[in-house]
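Source file: input.csv; contents: CSV, N, CA and C atoms.
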```csv
chain,number,residue,atom,x,y,z
A,25,MET,N,98.3,103.4,99.6
A,25,MET,CA,97.0,104.0,99.7
A,25,MET,C,96.7,104.6,101.0
A,26,ILE,N,97.1,103.9,102.1
A,26,ILE,CA,96.8,104.5,103.4
A,26,ILE,C,97.6,105.8,103.7
A,27,SER,N,98.8,105.8,103.3
A,27,SER,CA,99.6,107.1,103.5
A,27,SER,C,99.0,108.2,102.6
A,28,HIS,N,98.6,107.9,101.4
A,28,HIS,CA,98.0,108.9,100.5
A,28,HIS,C,96.7,109.4,101.2
A,29,PHE,N,95.9,108.5,101.8
A,29,PHE,CA,94.7,108.9,102.5
A,29,PHE,C,95.1,109.9,103.6
A,30,GLU,N,96.1,109.6,104.4
A,30,GLU,CA,96.5,110.4,105.5
A,30,GLU,C,97.0,111.8,105.1
A,31,GLN,N,97.8,111.8,104.0
A,31,GLN,CA,98.4,113.0,103.5
A,31,GLN,C,97.3,113.9,102.8
A,32,SER,N,96.2,113.3,102.4
A,32,SER,CA,95.2,114.1,101.6
A,32,SER,C,94.2,114.7,102.5
A,33,LEU,N,94.1,114.3,103.8
A,33,LEU,CA,93.1,114.8,104.7
A,33,LEU,C,93.1,116.3,104.7
A,34,PRO,N,92.0,117.0,104.8
A,34,PRO,CA,90.7,116.6,105.0
A,34,PRO,C,89.9,116.2,103.7
A,35,PHE,N,90.7,116.2,102.6
A,35,PHE,CA,90.0,115.9,101.3
A,35,PHE,C,90.1,114.4,101.0
A,36,GLU,N,89.2,114.0,100.0
A,36,GLU,CA,89.3,112.6,99.5
A,36,GLU,C,90.6,112.5,98.7
A,37,CYS,N,91.2,111.3,98.8
A,37,CYS,CA,92.3,111.0,98.0
A,37,CYS,C,91.8,110.1,96.9
A,38,CYS,N,92.6,109.9,95.9
A,38,CYS,CA,92.3,109.0,94.8
A,38,CYS,C,93.5,108.5,94.1
A,39,GLY,N,93.3,107.4,93.3
A,39,GLY,CA,94.4,106.9,92.6
A,39,GLY,C,94.0,105.7,91.8
A,40,LEU,N,95.0,105.1,91.1
A,40,LEU,CA,94.8,103.9,90.3
A,40,LEU,C,95.6,102.7,90.7
A,41,LEU,N,95.2,101.6,90.3
A,41,LEU,CA,95.9,100.3,90.7
A,41,LEU,C,96.3,99.6,89.4
A,42,ALA,N,97.6,99.2,89.3
A,42,ALA,CA,98.1,98.5,88.1
A,42,ALA,C,98.5,97.1,88.5
A,43,GLY,N,98.4,96.1,87.6
A,43,GLY,CA,98.9,94.8,87.8
A,43,GLY,C,98.3,93.9,86.8
A,44,SER,N,98.1,92.6,87.2
A,44,SER,CA,97.5,91.7,86.3
A,44,SER,C,96.7,90.7,87.1
A,45,GLY,N,95.5,90.3,86.5
A,45,GLY,CA,94.6,89.4,87.2
A,45,GLY,C,94.1,90.1,88.5
A,46,ASN,N,94.3,89.4,89.6
A,46,ASN,CA,93.9,90.0,90.9
A,46,ASN,C,95.0,90.4,91.7
A,47,GLN,N,96.2,90.6,91.1
A,47,GLN,CA,97.4,91.0,91.9
A,47,GLN,C,97.8,92.4,91.5
A,48,VAL,N,97.8,93.3,92.5
A,48,VAL,CA,98.2,94.7,92.3
A,48,VAL,C,99.7,94.7,92.4
A,49,SER,N,100.3,95.3,91.4
A,49,SER,CA,101.8,95.4,91.4
A,49,SER,C,102.2,96.8,91.7
A,50,PHE,N,101.4,97.8,91.4
A,50,PHE,CA,101.8,99.2,91.6
A,50,PHE,C,100.6,100.0,92.0
A,51,VAL,N,100.7,100.9,92.9
A,51,VAL,CA,99.7,101.8,93.4
A,51,VAL,C,100.1,103.2,92.9
A,52,TYR,N,99.2,103.9,92.2
A,52,TYR,CA,99.4,105.3,91.8
A,52,TYR,C,98.6,106.2,92.6
A,53,PRO,N,99.2,106.9,93.6
A,53,PRO,CA,98.5,108.0,94.3
A,53,PRO,C,98.4,109.2,93.4
A,54,LEU,N,97.2,109.6,93.1
A,54,LEU,CA,97.0,110.7,92.1
A,54,LEU,C,96.3,111.9,92.8
A,55,THR,N,96.3,113.0,92.0
A,55,THR,CA,95.7,114.3,92.5
A,55,THR,C,94.2,114.2,92.4
A,56,ASN,N,93.5,114.7,93.4
A,56,ASN,CA,92.0,114.9,93.4
A,56,ASN,C,91.8,116.3,92.8
A,57,ASP,N,91.4,116.4,91.6
A,57,ASP,CA,91.2,117.7,91.0
A,57,ASP,C,90.1,118.5,91.7
A,58,GLN,N,89.2,117.9,92.4
A,58,GLN,CA,88.1,118.6,93.1
A,58,GLN,C,88.5,119.2,94.4
A,59,ALA,N,89.6,118.7,95.0
A,59,ALA,CA,90.0,119.1,96.3
A,59,ALA,C,88.8,119.2,97.2
A,60,SER,N,88.1,118.1,97.4
A,60,SER,CA,86.9,118.1,98.1
A,60,SER,C,86.9,116.9,99.1
A,61,ALA,N,86.2,117.1,100.2
A,61,ALA,CA,86.0,116.1,101.2
A,61,ALA,C,84.9,115.1,100.9
A,62,VAL,N,84.2,115.3,99.9
A,62,VAL,CA,83.0,114.5,99.5
A,62,VAL,C,83.0,114.0,98.1
A,63,ALA,N,84.0,114.4,97.3
A,63,ALA,CA,84.0,114.0,95.9
A,63,ALA,C,85.4,114.0,95.4
A,64,PHE,N,85.6,113.3,94.2
A,64,PHE,CA,87.0,113.3,93.6
A,64,PHE,C,86.8,113.2,92.1
A,65,THR,N,87.9,113.7,91.5
A,65,THR,CA,88.1,113.5,90.0
A,65,THR,C,89.6,113.3,89.9
A,66,ILE,N,90.0,112.3,89.3
A,66,ILE,CA,91.4,112.0,89.0
A,66,ILE,C,91.9,113.0,87.9
A,67,ALA,N,93.0,113.6,88.2
A,67,ALA,CA,93.6,114.6,87.2
A,67,ALA,C,93.8,113.8,85.9
A,68,PRO,N,93.3,114.2,84.8
A,68,PRO,CA,93.4,113.5,83.5
A,68,PRO,C,94.8,113.2,83.1
A,69,ALA,N,95.7,114.2,83.2
A,69,ALA,CA,97.1,114.0,82.8
A,69,ALA,C,97.8,112.9,83.6
A,70,GLU,N,97.4,112.9,84.9
A,70,GLU,CA,98.0,111.9,85.8
A,70,GLU,C,97.4,110.5,85.5
A,71,HIS,N,96.2,110.4,85.1
A,71,HIS,CA,95.5,109.2,84.7
A,71,HIS,C,96.3,108.6,83.5
A,72,PHE,N,96.5,109.5,82.5
A,72,PHE,CA,97.2,109.1,81.3
A,72,PHE,C,98.6,108.6,81.6
A,73,GLY,N,99.3,109.4,82.5
A,73,GLY,CA,100.7,109.0,82.9
A,73,GLY,C,100.7,107.7,83.6
A,74,ALA,N,99.8,107.4,84.4
A,74,ALA,CA,99.7,106.1,85.1
A,74,ALA,C,99.5,105.0,84.1
A,75,TRP,N,98.6,105.2,83.1
A,75,TRP,CA,98.4,104.2,82.1
A,75,TRP,C,99.6,103.9,81.3
A,76,ARG,N,100.4,105.0,80.9
A,76,ARG,CA,101.6,104.8,80.1
A,76,ARG,C,102.6,104.0,81.0
A,77,HIS,N,102.8,104.4,82.2
A,77,HIS,CA,103.8,103.7,83.1
A,77,HIS,C,103.4,102.3,83.3
A,78,ALA,N,102.1,102.0,83.5
A,78,ALA,CA,101.7,100.6,83.7
A,78,ALA,C,102.0,99.8,82.4
A,79,GLU,N,101.6,100.3,81.3
A,79,GLU,CA,101.8,99.6,80.0
A,79,GLU,C,103.3,99.4,79.8
A,80,ALA,N,104.2,100.4,80.1
A,80,ALA,CA,105.6,100.2,79.9
A,80,ALA,C,106.2,99.1,80.8
A,81,ASN,N,105.5,98.8,81.9
A,81,ASN,CA,106.0,97.8,82.8
A,81,ASN,C,105.2,96.4,82.6
A,82,GLY,N,104.4,96.3,81.6
A,82,GLY,CA,103.7,95.1,81.3
A,82,GLY,C,102.5,94.8,82.1
A,83,TRP,N,102.0,95.9,82.8
A,83,TRP,CA,100.8,95.8,83.6
A,83,TRP,C,99.6,96.4,82.9
A,84,GLU,N,98.4,96.2,83.5
A,84,GLU,CA,97.2,96.9,83.0
A,84,GLU,C,96.7,97.7,84.2
A,85,LEU,N,95.9,98.7,83.9
A,85,LEU,CA,95.2,99.3,85.0
A,85,LEU,C,94.0,98.4,85.4
A,86,ILE,N,94.0,98.0,86.6
A,86,ILE,CA,93.0,97.0,87.1
A,86,ILE,C,92.0,97.5,88.1
A,87,GLY,N,92.2,98.8,88.6
A,87,GLY,CA,91.3,99.3,89.6
A,87,GLY,C,91.6,100.7,89.9
A,88,ALA,N,90.8,101.2,90.8
A,88,ALA,CA,90.9,102.6,91.3
A,88,ALA,C,90.6,102.6,92.8
A,89,PHE,N,91.1,103.6,93.5
A,89,PHE,CA,90.8,103.8,94.9
A,89,PHE,C,90.5,105.2,95.2
A,90,HIS,N,89.7,105.4,96.2
A,90,HIS,CA,89.5,106.8,96.7
A,90,HIS,C,89.1,106.6,98.2
A,91,SER,N,89.1,107.7,98.9
A,91,SER,CA,88.8,107.7,100.3
A,91,SER,C,87.5,108.3,100.6
A,92,HIS,N,87.0,107.9,101.8
A,92,HIS,CA,85.8,108.6,102.4
A,92,HIS,C,86.3,109.1,103.8
A,93,PRO,N,86.8,110.3,103.8
A,93,PRO,CA,87.4,110.8,105.1
A,93,PRO,C,86.5,110.7,106.3
A,94,SER,N,85.2,110.9,106.1
A,94,SER,CA,84.3,110.8,107.2
A,94,SER,C,83.1,110.0,106.9
A,95,GLY,N,83.2,109.3,105.8
A,95,GLY,CA,82.0,108.6,105.3
A,95,GLY,C,82.1,107.1,105.5
A,96,PRO,N,81.2,106.3,104.9
A,96,PRO,CA,81.1,104.9,105.2
A,96,PRO,C,82.2,104.1,104.5
A,97,GLU,N,82.5,102.9,104.9
A,97,GLU,CA,83.5,102.1,104.3
A,97,GLU,C,82.9,101.3,103.2
A,98,GLN,N,82.1,101.9,102.3
A,98,GLN,CA,81.6,101.2,101.2
A,98,GLN,C,81.4,102.2,100.1
A,99,LEU,N,81.1,101.7,98.9
A,99,LEU,CA,80.9,102.6,97.7
A,99,LEU,C,79.5,103.3,97.9
A,100,SER,N,79.5,104.5,97.5
A,100,SER,CA,78.2,105.2,97.5
A,100,SER,C,77.5,105.0,96.2
A,101,THR,N,76.2,105.4,96.2
A,101,THR,CA,75.5,105.2,94.9
A,101,THR,C,76.1,106.1,93.8
A,102,THR,N,76.7,107.2,94.2
A,102,THR,CA,77.4,108.0,93.2
A,102,THR,C,78.7,107.3,92.7
A,103,ASP,N,79.4,106.7,93.6
A,103,ASP,CA,80.6,105.9,93.2
A,103,ASP,C,80.2,104.8,92.2
A,104,ILE,N,79.2,104.1,92.5
A,104,ILE,CA,78.7,103.0,91.7
A,104,ILE,C,78.3,103.5,90.3
A,105,ALA,N,77.6,104.6,90.3
A,105,ALA,CA,77.1,105.2,89.0
A,105,ALA,C,78.2,105.7,88.2
A,106,LEU,N,79.3,106.2,88.8
A,106,LEU,CA,80.4,106.8,88.0
A,106,LEU,C,81.5,105.8,87.7
A,107,ALA,N,81.4,104.6,88.3
A,107,ALA,CA,82.4,103.5,88.0
A,107,ALA,C,82.4,103.2,86.5
A,108,GLY,N,83.4,103.6,85.8
A,108,GLY,CA,83.4,103.5,84.3
A,108,GLY,C,84.0,102.2,83.8
A,109,GLU,N,84.7,101.4,84.6
A,109,GLU,CA,85.3,100.2,84.1
A,109,GLU,C,84.7,99.0,84.7
A,110,PRO,N,84.0,98.2,84.0
A,110,PRO,CA,83.2,97.1,84.6
A,110,PRO,C,84.1,96.0,85.2
A,111,ASP,N,85.3,95.8,84.7
A,111,ASP,CA,86.2,94.8,85.2
A,111,ASP,C,87.1,95.2,86.3
A,112,TRP,N,87.1,96.4,86.7
A,112,TRP,CA,88.0,96.9,87.7
A,112,TRP,C,87.6,96.6,89.1
A,113,VAL,N,88.5,96.7,90.0
A,113,VAL,CA,88.3,96.6,91.5
A,113,VAL,C,88.3,98.1,92.0
A,114,TYR,N,87.3,98.4,92.9
A,114,TYR,CA,87.2,99.7,93.4
A,114,TYR,C,87.4,99.6,94.9
A,115,VAL,N,88.4,100.3,95.4
A,115,VAL,CA,88.8,100.3,96.8
A,115,VAL,C,88.4,101.6,97.5
A,116,VAL,N,87.8,101.5,98.7
A,116,VAL,CA,87.5,102.6,99.5
A,116,VAL,C,88.4,102.6,100.7
A,117,VAL,N,89.1,103.7,100.9
A,117,VAL,CA,90.0,103.8,102.1
A,117,VAL,C,89.4,104.7,103.1
A,118,THR,N,89.4,104.3,104.4
A,118,THR,CA,88.9,105.2,105.5
A,118,THR,C,89.9,105.1,106.6
A,119,SER,N,89.6,105.8,107.7
A,119,SER,CA,90.6,105.7,108.8
A,119,SER,C,90.6,104.4,109.5
A,120,ARG,N,89.6,103.5,109.1
A,120,ARG,CA,89.6,102.2,109.7
A,120,ARG,C,90.2,101.1,108.7
A,121,GLY,N,90.7,101.5,107.6
A,121,GLY,CA,91.3,100.6,106.7
A,121,GLY,C,90.8,100.7,105.3
A,122,ALA,N,90.9,99.6,104.5
A,122,ALA,CA,90.5,99.6,103.1
A,122,ALA,C,89.6,98.4,102.8
A,123,ARG,N,88.6,98.6,102.0
A,123,ARG,CA,87.7,97.6,101.5
A,123,ARG,C,87.6,97.7,100.0
A,124,ALA,N,87.5,96.5,99.4
A,124,ALA,CA,87.5,96.4,97.9
A,124,ALA,C,86.1,95.9,97.4
A,125,PHE,N,85.7,96.4,96.3
A,125,PHE,CA,84.4,96.0,95.7
A,125,PHE,C,84.6,95.8,94.2
A,126,VAL,N,83.7,95.0,93.6
A,126,VAL,CA,83.5,94.9,92.2
A,126,VAL,C,82.0,95.4,92.0
A,127,ILE,N,81.8,95.9,90.8
A,127,ILE,CA,80.4,96.3,90.5
A,127,ILE,C,79.7,95.2,89.6
A,128,SER,N,78.6,94.7,90.1
A,128,SER,CA,77.8,93.7,89.4
A,128,SER,C,76.4,94.1,89.4
A,129,ASP,N,75.8,94.2,88.3
A,129,ASP,CA,74.4,94.6,88.1
A,129,ASP,C,74.1,95.9,88.9
A,130,ARG,N,75.0,96.9,88.7
A,130,ARG,CA,74.9,98.2,89.4
A,130,ARG,C,74.8,98.1,90.9
A,131,ARG,N,75.4,97.1,91.4
A,131,ARG,CA,75.6,97.0,92.9
A,131,ARG,C,77.0,96.7,93.2
A,132,ALA,N,77.5,97.2,94.4
A,132,ALA,CA,78.8,96.9,94.9
A,132,ALA,C,78.8,95.6,95.6
A,133,VAL,N,79.7,94.7,95.2
A,133,VAL,CA,79.9,93.4,95.9
A,133,VAL,C,81.3,93.4,96.5
A,134,GLU,N,81.4,93.3,97.8
A,134,GLU,CA,82.7,93.3,98.5
A,134,GLU,C,83.5,92.0,98.1
A,135,ILE,N,84.8,92.2,97.9
A,135,ILE,CA,85.7,91.1,97.7
A,135,ILE,C,86.8,91.2,98.7
A,136,PRO,N,87.4,90.1,99.1
A,136,PRO,CA,88.4,90.1,100.1
A,136,PRO,C,89.7,90.7,99.5
A,137,ILE,N,90.4,91.4,100.3
A,137,ILE,CA,91.8,91.9,99.9
A,137,ILE,C,92.7,91.8,101.0
A,138,GLU,N,94.0,91.8,100.7
A,138,GLU,CA,95.1,91.8,101.6
A,138,GLU,C,95.9,93.0,101.3
A,139,VAL,N,96.0,93.9,102.2
A,139,VAL,CA,96.8,95.1,102.0
A,139,VAL,C,98.2,94.8,102.6
A,140,GLN,N,99.2,94.9,101.7
A,140,GLN,CA,100.6,94.7,102.1
A,140,GLN,C,101.3,96.0,102.1
A,141,THR,N,102.2,96.2,103.1
A,141,THR,CA,103.1,97.4,103.1
A,141,THR,C,104.4,97.0,102.6
A,142,ARG,N,104.9,97.8,101.6
A,142,ARG,CA,106.2,97.6,101.0
A,142,ARG,C,107.0,98.9,101.1
A,143,GLN,N,108.2,98.8,101.4
A,143,GLN,CA,109.1,100.0,101.3
A,143,GLN,C,109.4,100.4,99.9
A,144,VAL,N,109.5,101.6,99.6
A,144,VAL,CA,109.9,102.1,98.3
A,144,VAL,C,111.2,101.5,97.9
A,145,GLY,N,111.3,100.9,96.7
A,145,GLY,CA,112.5,100.3,96.2
A,145,GLY,C,112.7,98.8,96.6
A,146,SER,N,111.7,98.3,97.3
A,146,SER,CA,111.9,96.8,97.6
A,146,SER,C,111.0,96.0,96.7
```
Step by step, read the file and then write its structure as structure tokens.
Amino acid sequence: MISHFEQSLPFECCGLLAGSGNQVSFVYPLTNDQASAVAFTIAPAEHFGAWRHAEANGWELIGAFHSHPSGPEQLSTTDIALAGEPDWVYVVVTSRGARAFVISDRRAVEIPIEVQTRQVGS
């Protein structure tokens, strides 16, 4: 997520998270169809491809992430309004790191996360 954030600047990055329960097994860095510094839309074909890959590996899509290149380290009111999956985790990535939230009663509630770095293929 962090490297996708850095590579996407000055635009927002976005992607999906796959795994089970509260354990993320795979991060899908995807294309922001809006190419914007203040908004994002995940490319539909890539969303579908991530879902198929996750299912083929016995995972579920359990969350989404996007960045706020120059914004706050929290979900915006727009982010909350557009969060379509009630059981997902929503991660916001900034230059200061990443914070995770769940949506409860149309409010973002922060949850603790541990971001691990793994080498490709390990």
With only C-alpha atoms as the basis for distance, which of A:Ser128, A:Gln140, A:Ser44, A:Gln31 is at the shortest distance from Gly82 (chain A)?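 Selected residue with least distance to Gly82 (chain A): A:Ser44.
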Per residue of region 108-129 of chain A within 6.5 Å of region 84-90 of chain A, record the nearest atom pair and its distance in Å to one decimal, counting all atoms listed in the file, with rows in chain order and ascending residue number, as CSV.
```
residue,atom,partner,partner_atom,distance
A:Asp111,C,A:Ile86,C,5.7
A:Trp112,CA,A:Ile86,C,4.1
A:Val113,N,A:Gly87,CA,3.8
A:Tyr114,CA,A:Ala88,C,4.5
A:Val115,N,A:Ala88,C,4.1
A:Val116,CA,A:His90,C,4.5
A:Val117,N,A:His90,C,4.0
```
For the selection just defined, write its residues with N, CA and C atoms to a file, as a compact mmCIF listing (two decimals), in the frame of the given file.
```txt
# COMPACT_ATOMS: atom_id res chain seq x y z
N ASP A 111 85.30 95.80 84.70
CA ASP A 111 86.20 94.80 85.20
C ASP A 111 87.10 95.20 86.30
N TRP A 112 87.10 96.40 86.70
CA TRP A 112 88.00 96.90 87.70
C TRP A 112 87.60 96.60 89.10
N VAL A 113 88.50 96.70 90.00
CA VAL A 113 88.30 96.60 91.50
C VAL A 113 88.30 98.10 92.00
N TYR A 114 87.30 98.40 92.90
CA TYR A 114 87.20 99.70 93.40
C TYR A 114 87.40 99.60 94.90
N VAL A 115 88.40 100.30 95.40
CA VAL A 115 88.80 100.30 96.80
C VAL A 115 88.40 101.60 97.50
N VAL A 116 87.80 101.50 98.70
CA VAL A 116 87.50 102.60 99.50
C VAL A 116 88.40 102.60 100.70
N VAL A 117 89.10 103.70 100.90
CA VAL A 117 90.00 103.80 102.10
C VAL A 117 89.40 104.70 103.10
```
Distance atom C of Thr65 (chain A)-atom C of Phe35 (chain A), one decimal place?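 Atom C of Phe35 (chain A) lies 11.2 Å from atom C of Thr65 (chain A).
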Let me make sure I understand: among A:Pro68, A:Asn46, A:Val133, A:Ser91, which one has the smallest atom-to-atom distance to Ser32 (chain A) if we use only C-alpha atoms?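 Ranked by minimum distance to Ser32 (chain A), first place goes to A:Ser91.
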In Å to one decimal, how far is CA of Ala132 (chain A) from CA of Leu106 (chain A)?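 Going from CA of Leu106 (chain A) over to CA of Ala132 (chain A) covers 12.2 Å.
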Considering only helix (DSSP H, G or I) as DSSP defines it on the backbone, what residues of chain A qualify? List them as a list in words.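 Across chain A, those assigned helix (DSSP H, G or I) are Ile26, Ser27, His28, Phe29, Glu30, Gln31, Ser32, Pro68, Ala69, Glu70, His71, Phe72, Gly73, Ala74, Trp75, Arg76, His77, Ala78, Glu79, Ala80, Thr101, Thr102, Asp103, Ile104, Ala105 and Leu106 of chain A.
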